[in-house]
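K.L.:
Take a look at the following structure, please.
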Amino acid sequence: MSTIHIPVSVLNLAPIRKGQDSKQAIEAMVDLAQAVEKMGFQRYWIAEHHNTSTLVSSATSILIQHTLEHTNKIRVGSGGIMLPNHAPLVVAEQFGTMATMFPNRVDLGLGRAPGTDMMTANALRRSKNDSVYTFPEDVQALLNFFGPVEQQSYVKAYPGVGTNVPVYILGSSTDSAYLAASLGLPYVFASHFAPRYMEEAISIYRERFQPSEYLDKPYMMVCLNVIAAETDEEASFQSTTMEQFFLNVVRGTQNPLRPPVENLDELWSPMEKEMASSMSRVTFLGSKETVRQQLTKFQDRYNVDEIMAVSYIYDPEKQKRSYEIFKEIVDGK
């Protein structure tokens with residue numbers, strides 16, 4: 001039996017399950033972090049979304065601190081901070097403060113999308129000019145803020161100076177692959193909802209990578225969906241929660257995370273099915289043996305350095321079991 005030793009991590013959008021309120025969703029987020037820490041996952045990242053009543057991940061840095069306080073060693077970070085919404089100095093102060101309180105445990109993943117609709121993006125914006133276009137400069141500013149005191153200008157992030165918080169570039173298209181490569185930073189591709197450009201982005205990043213003070217060679221992470229269960233049939237049933245999640249996205253509706261259903265075709269039209277399924281195309285789904293084969297095939301083709309797993313599973317215990325099975329696979333169990 002071939003083993004695939006690869007670091008595995010977790011992304012959580014902090015969804016509200018049907019029957020839960022916001023507080024319970026935050027408690028579930030912490031509970032999952034504690035569980036995957038015990039399993040030996042590398043890191044636990046929390047997303048940033050706004051104006052979405054079914055996700056509690058709007059104040060990402062607060063959730064990260066809360067998770068750090070309730071765990072012991074797992075790295076906790078942002079997947080990601082959507083930089084157009086924030087002044088780099090504020091981000092540096094927040095993450096520098098967390099890195100001071102929790103040394104060597106804080107990651108900063110950065111995205112260039114707003115993580116919301118355009119009206120909400122405008123309400124969040126720090127300026128009227130489009131800060132999406134200043135993303136490369138903003139990333140560079142953050143790297144400087146976390147760097148040594150001698151490279152600082154007049155404006156400094158206290159307590160961020162010298163903390164060297166690791167910065168990761170997130171992307172769902174090829175744009176960020178070029179940026180991550182030119183800056184010599186680790187790159188994380190969002191295959192969990194936007195798999196279309198994954199292959200191209202991985203190639204661009206690896207081919208154009210420039211060694212830097214942060215990395216001497218490319219570090220490629222892929223975020224994808226994992227739904228593992230005792231049998232293929234059970235996993236397939238559990239995955240209908242994820243498909244309903246993406247149907248929400250397709251329809252622009254805001255339903256909480258829903259229990260699995262026996263027949264999805266009663267819920268969606270053929271066109272909706274096609275659109276939702278294209279978003280969830282990169283999913284490891286099935287029993288331990290099935291997921292092992294899917295992971296092996298994926299790694300034979302892409303050989304990524306780390307996989308970050310998202311599991312939209314309604315039952316929290318089954319969600320934990322899915323992560324446990326995935327971790328057992330990479331540990332060769």
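So you can find residues: chains in the structure tokens are A, B, ... in the order shown, residues in each start at 1, and ligands are numbered from 1 in order.
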Please provide as JSON, numbers by chain all residues within 6 Å of region 147-160 of chain A, with the sequence filter that same-chain residues fewer than 2 positions apart are discarded (counting only C-alpha atoms).

P.N.:
{"A": [92, 93, 96, 97, 144, 145, 162, 163, 164]}

K.L.:
Can those selected residues be exported to a file as a PDB file, in the first residue's frame so that it contains all heavy atoms?

P.N.:
```pdb
ATOM      1  N   ALA A  92      -1.473  44.291   9.646  1.00  0.00           N
ATOM      2  CA  ALA A  92      -0.162  44.030  10.269  1.00  0.00           C
ATOM      3  C   ALA A  92      -0.243  44.186  11.786  1.00  0.00           C
ATOM      4  O   ALA A  92       0.348  43.398  12.529  1.00  0.00           O
ATOM      5  CB  ALA A  92       0.891  44.967   9.692  1.00  0.00           C
ATOM      6  N   GLU A  93      -0.973  45.185  12.248  1.00  0.00           N
ATOM      7  CA  GLU A  93      -1.120  45.373  13.699  1.00  0.00           C
ATOM      8  C   GLU A  93      -1.881  44.212  14.326  1.00  0.00           C
ATOM      9  O   GLU A  93      -1.495  43.692  15.378  1.00  0.00           O
ATOM     10  CB  GLU A  93      -1.840  46.701  13.976  1.00  0.00           C
ATOM     11  CG  GLU A  93      -0.975  47.917  13.683  1.00  0.00           C
ATOM     12  CD  GLU A  93      -1.764  49.218  13.732  1.00  0.00           C
ATOM     13  OE1 GLU A  93      -3.016  49.190  13.658  1.00  0.00           O
ATOM     14  OE2 GLU A  93      -1.119  50.271  13.827  1.00  0.00           O
ATOM     15  N   GLY A  96       0.269  40.991  13.876  1.00  0.00           N
ATOM     16  CA  GLY A  96       1.475  41.159  14.695  1.00  0.00           C
ATOM     17  C   GLY A  96       1.157  40.980  16.168  1.00  0.00           C
ATOM     18  O   GLY A  96       1.924  40.379  16.928  1.00  0.00           O
ATOM     19  N   THR A  97      -0.016  41.475  16.584  1.00  0.00           N
ATOM     20  CA  THR A  97      -0.456  41.313  17.977  1.00  0.00           C
ATOM     21  C   THR A  97      -0.700  39.839  18.286  1.00  0.00           C
ATOM     22  O   THR A  97      -0.242  39.312  19.315  1.00  0.00           O
ATOM     23  CB  THR A  97      -1.747  42.127  18.231  1.00  0.00           C
ATOM     24  OG1 THR A  97      -1.480  43.511  17.962  1.00  0.00           O
ATOM     25  CG2 THR A  97      -2.208  41.980  19.674  1.00  0.00           C
ATOM     26  N   ASN A 144       6.815  44.127   4.523  1.00  0.00           N
ATOM     27  CA  ASN A 144       7.716  45.106   5.149  1.00  0.00           C
ATOM     28  C   ASN A 144       7.345  45.336   6.613  1.00  0.00           C
ATOM     29  O   ASN A 144       8.221  45.387   7.477  1.00  0.00           O
ATOM     30  CB  ASN A 144       7.684  46.435   4.392  1.00  0.00           C
ATOM     31  CG  ASN A 144       8.308  46.323   3.010  1.00  0.00           C
ATOM     32  OD1 ASN A 144       9.053  45.379   2.731  1.00  0.00           O
ATOM     33  ND2 ASN A 144       7.990  47.251   2.131  1.00  0.00           N
ATOM     34  N   PHE A 145       6.058  45.464   6.880  1.00  0.00           N
ATOM     35  CA  PHE A 145       5.616  45.720   8.262  1.00  0.00           C
ATOM     36  C   PHE A 145       6.054  44.600   9.217  1.00  0.00           C
ATOM     37  O   PHE A 145       6.348  44.851  10.378  1.00  0.00           O
ATOM     38  CB  PHE A 145       4.088  45.858   8.327  1.00  0.00           C
ATOM     39  CG  PHE A 145       3.562  47.184   7.848  1.00  0.00           C
ATOM     40  CD1 PHE A 145       2.438  47.240   7.021  1.00  0.00           C
ATOM     41  CD2 PHE A 145       4.155  48.385   8.246  1.00  0.00           C
ATOM     42  CE1 PHE A 145       1.931  48.466   6.594  1.00  0.00           C
ATOM     43  CE2 PHE A 145       3.657  49.611   7.823  1.00  0.00           C
ATOM     44  CZ  PHE A 145       2.541  49.646   6.986  1.00  0.00           C
ATOM     45  N   GLY A 162       9.269  42.767  13.064  1.00  0.00           N
ATOM     46  CA  GLY A 162      10.132  41.648  13.449  1.00  0.00           C
ATOM     47  C   GLY A 162       9.395  40.359  13.784  1.00  0.00           C
ATOM     48  O   GLY A 162      10.025  39.375  14.178  1.00  0.00           O
ATOM     49  N   THR A 163       8.059  40.340  13.611  1.00  0.00           N
ATOM     50  CA  THR A 163       7.323  39.103  13.936  1.00  0.00           C
ATOM     51  C   THR A 163       7.410  38.090  12.792  1.00  0.00           C
ATOM     52  O   THR A 163       7.179  36.898  13.009  1.00  0.00           O
ATOM     53  CB  THR A 163       5.833  39.390  14.247  1.00  0.00           C
ATOM     54  OG1 THR A 163       5.286  40.178  13.188  1.00  0.00           O
ATOM     55  CG2 THR A 163       5.670  40.121  15.567  1.00  0.00           C
ATOM     56  N   ASN A 164       7.725  38.570  11.581  1.00  0.00           N
ATOM     57  CA  ASN A 164       7.865  37.674  10.413  1.00  0.00           C
ATOM     58  C   ASN A 164       6.687  36.713  10.270  1.00  0.00           C
ATOM     59  O   ASN A 164       6.868  35.516  10.026  1.00  0.00           O
ATOM     60  CB  ASN A 164       9.176  36.864  10.496  1.00  0.00           C
ATOM     61  CG  ASN A 164      10.389  37.784  10.472  1.00  0.00           C
ATOM     62  OD1 ASN A 164      10.539  38.590   9.577  1.00  0.00           O
ATOM     63  ND2 ASN A 164      11.219  37.684  11.502  1.00  0.00           N
TER      64      ASN A 164
END
```

K.L.:
List as a ChimeraX atom specification the protein and nucleic acid residues near Gln254 (chain A), meaning an atom at most 7 Å away when only C-alpha atoms are counted, but skip any in the same chain fewer than 5 places from it.

P.N.:
/A:52-54,248

K.L.:
Go ahead and save the residues from that selection, with C-alpha atoms, as a PDB file, in the first residue's frame.

P.N.:
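Generated output (result02.pdb):
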```pdb
ATOM      1  CA  THR A  52     -23.743  36.358   4.257  1.00  0.00           C
ATOM      2  CA  SER A  53     -26.253  35.455   6.955  1.00  0.00           C
ATOM      3  CA  THR A  54     -25.275  31.765   6.827  1.00  0.00           C
ATOM      4  CA  ASN A 248     -27.061  28.345  -2.594  1.00  0.00           C
TER       5      ASN A 248
END
```

K.L.:
Excluding region 204-212 of chain A and residues on its chain fewer than 5 positions from it, collect all residues at most 6 Å away from it, counting only C-alpha atoms, and give them as an MDAnalysis selection string.

P.N.:
chainID A and resid 177 181:182 184 217

K.L.:
Include N, CA and C atoms and write out the residues we just selected as a JSON list (two decimals), in the first residue's frame.

P.N.:
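Printed below is out-v2.json as written:
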```json
[["chain", "number", "residue", "atom", "x", "y", "z"],
["A", 177, "ALA", "N", -1.07, 33.60, -9.15],
["A", 177, "ALA", "CA", 0.06, 32.67, -9.36],
["A", 177, "ALA", "C", 1.30, 33.45, -9.78],
["A", 181, "ALA", "N", 4.64, 33.86, -7.38],
["A", 181, "ALA", "CA", 5.91, 33.43, -7.96],
["A", 181, "ALA", "C", 6.93, 34.56, -7.94],
["A", 182, "SER", "N", 6.51, 35.75, -8.32],
["A", 182, "SER", "CA", 7.47, 36.87, -8.39],
["A", 182, "SER", "C", 7.95, 37.31, -7.02],
["A", 184, "GLY", "N", 8.16, 35.22, -4.46],
["A", 184, "GLY", "CA", 8.78, 34.07, -3.79],
["A", 184, "GLY", "C", 8.03, 33.68, -2.52],
["A", 217, "LYS", "N", 12.30, 27.47, -2.69],
["A", 217, "LYS", "CA", 11.66, 26.79, -3.82],
["A", 217, "LYS", "C", 10.15, 26.91, -3.66]]
```

K.L.:
Write out as CSV a residue-level contact list of region 154-258 of chain A versus region 313-329 of chain A with cut-off 6 Å: for each qualifying residue the closest pair of atoms and the distance in Å to one decimal, counting only C-alpha atoms, rows sorted by chain and residue number upward.

P.N.:
```
residue,atom,partner,partner_atom,distance
A:Ile227,CA,A:Ser322,CA,5.8
A:Ala228,CA,A:Ser322,CA,4.5
A:Ala229,CA,A:Ser322,CA,5.8
```

K.L.:
Give the helix (DSSP H, G or I) residues of region 162-249 of chain A, as assigned by DSSP on the backbone, as a PyMOL selection string.

P.N.:
chain A and resi 175-183+195-208+232-249

K.L.:
Based on the backbone DSSP call, show me all residues of region 31-91 of chain A assigned strand (DSSP E or B), as a list in words.

P.N.:
Arg43, Tyr44, Trp45, Ile46, Leu55, Arg75, Val76, Gly77, Ser78, Gly79, Gly80, Ile81 and Met82 of chain A

K.L.:
Name the residues in contact with Ala25 (chain A) at a cut-off of 7 Å, using only C-alpha atoms, excluding same-chain residues fewer than 3 positions from it; report them as a PyMOL selection string.

P.N.:
chain A and resi 14-16+20-22+28-29
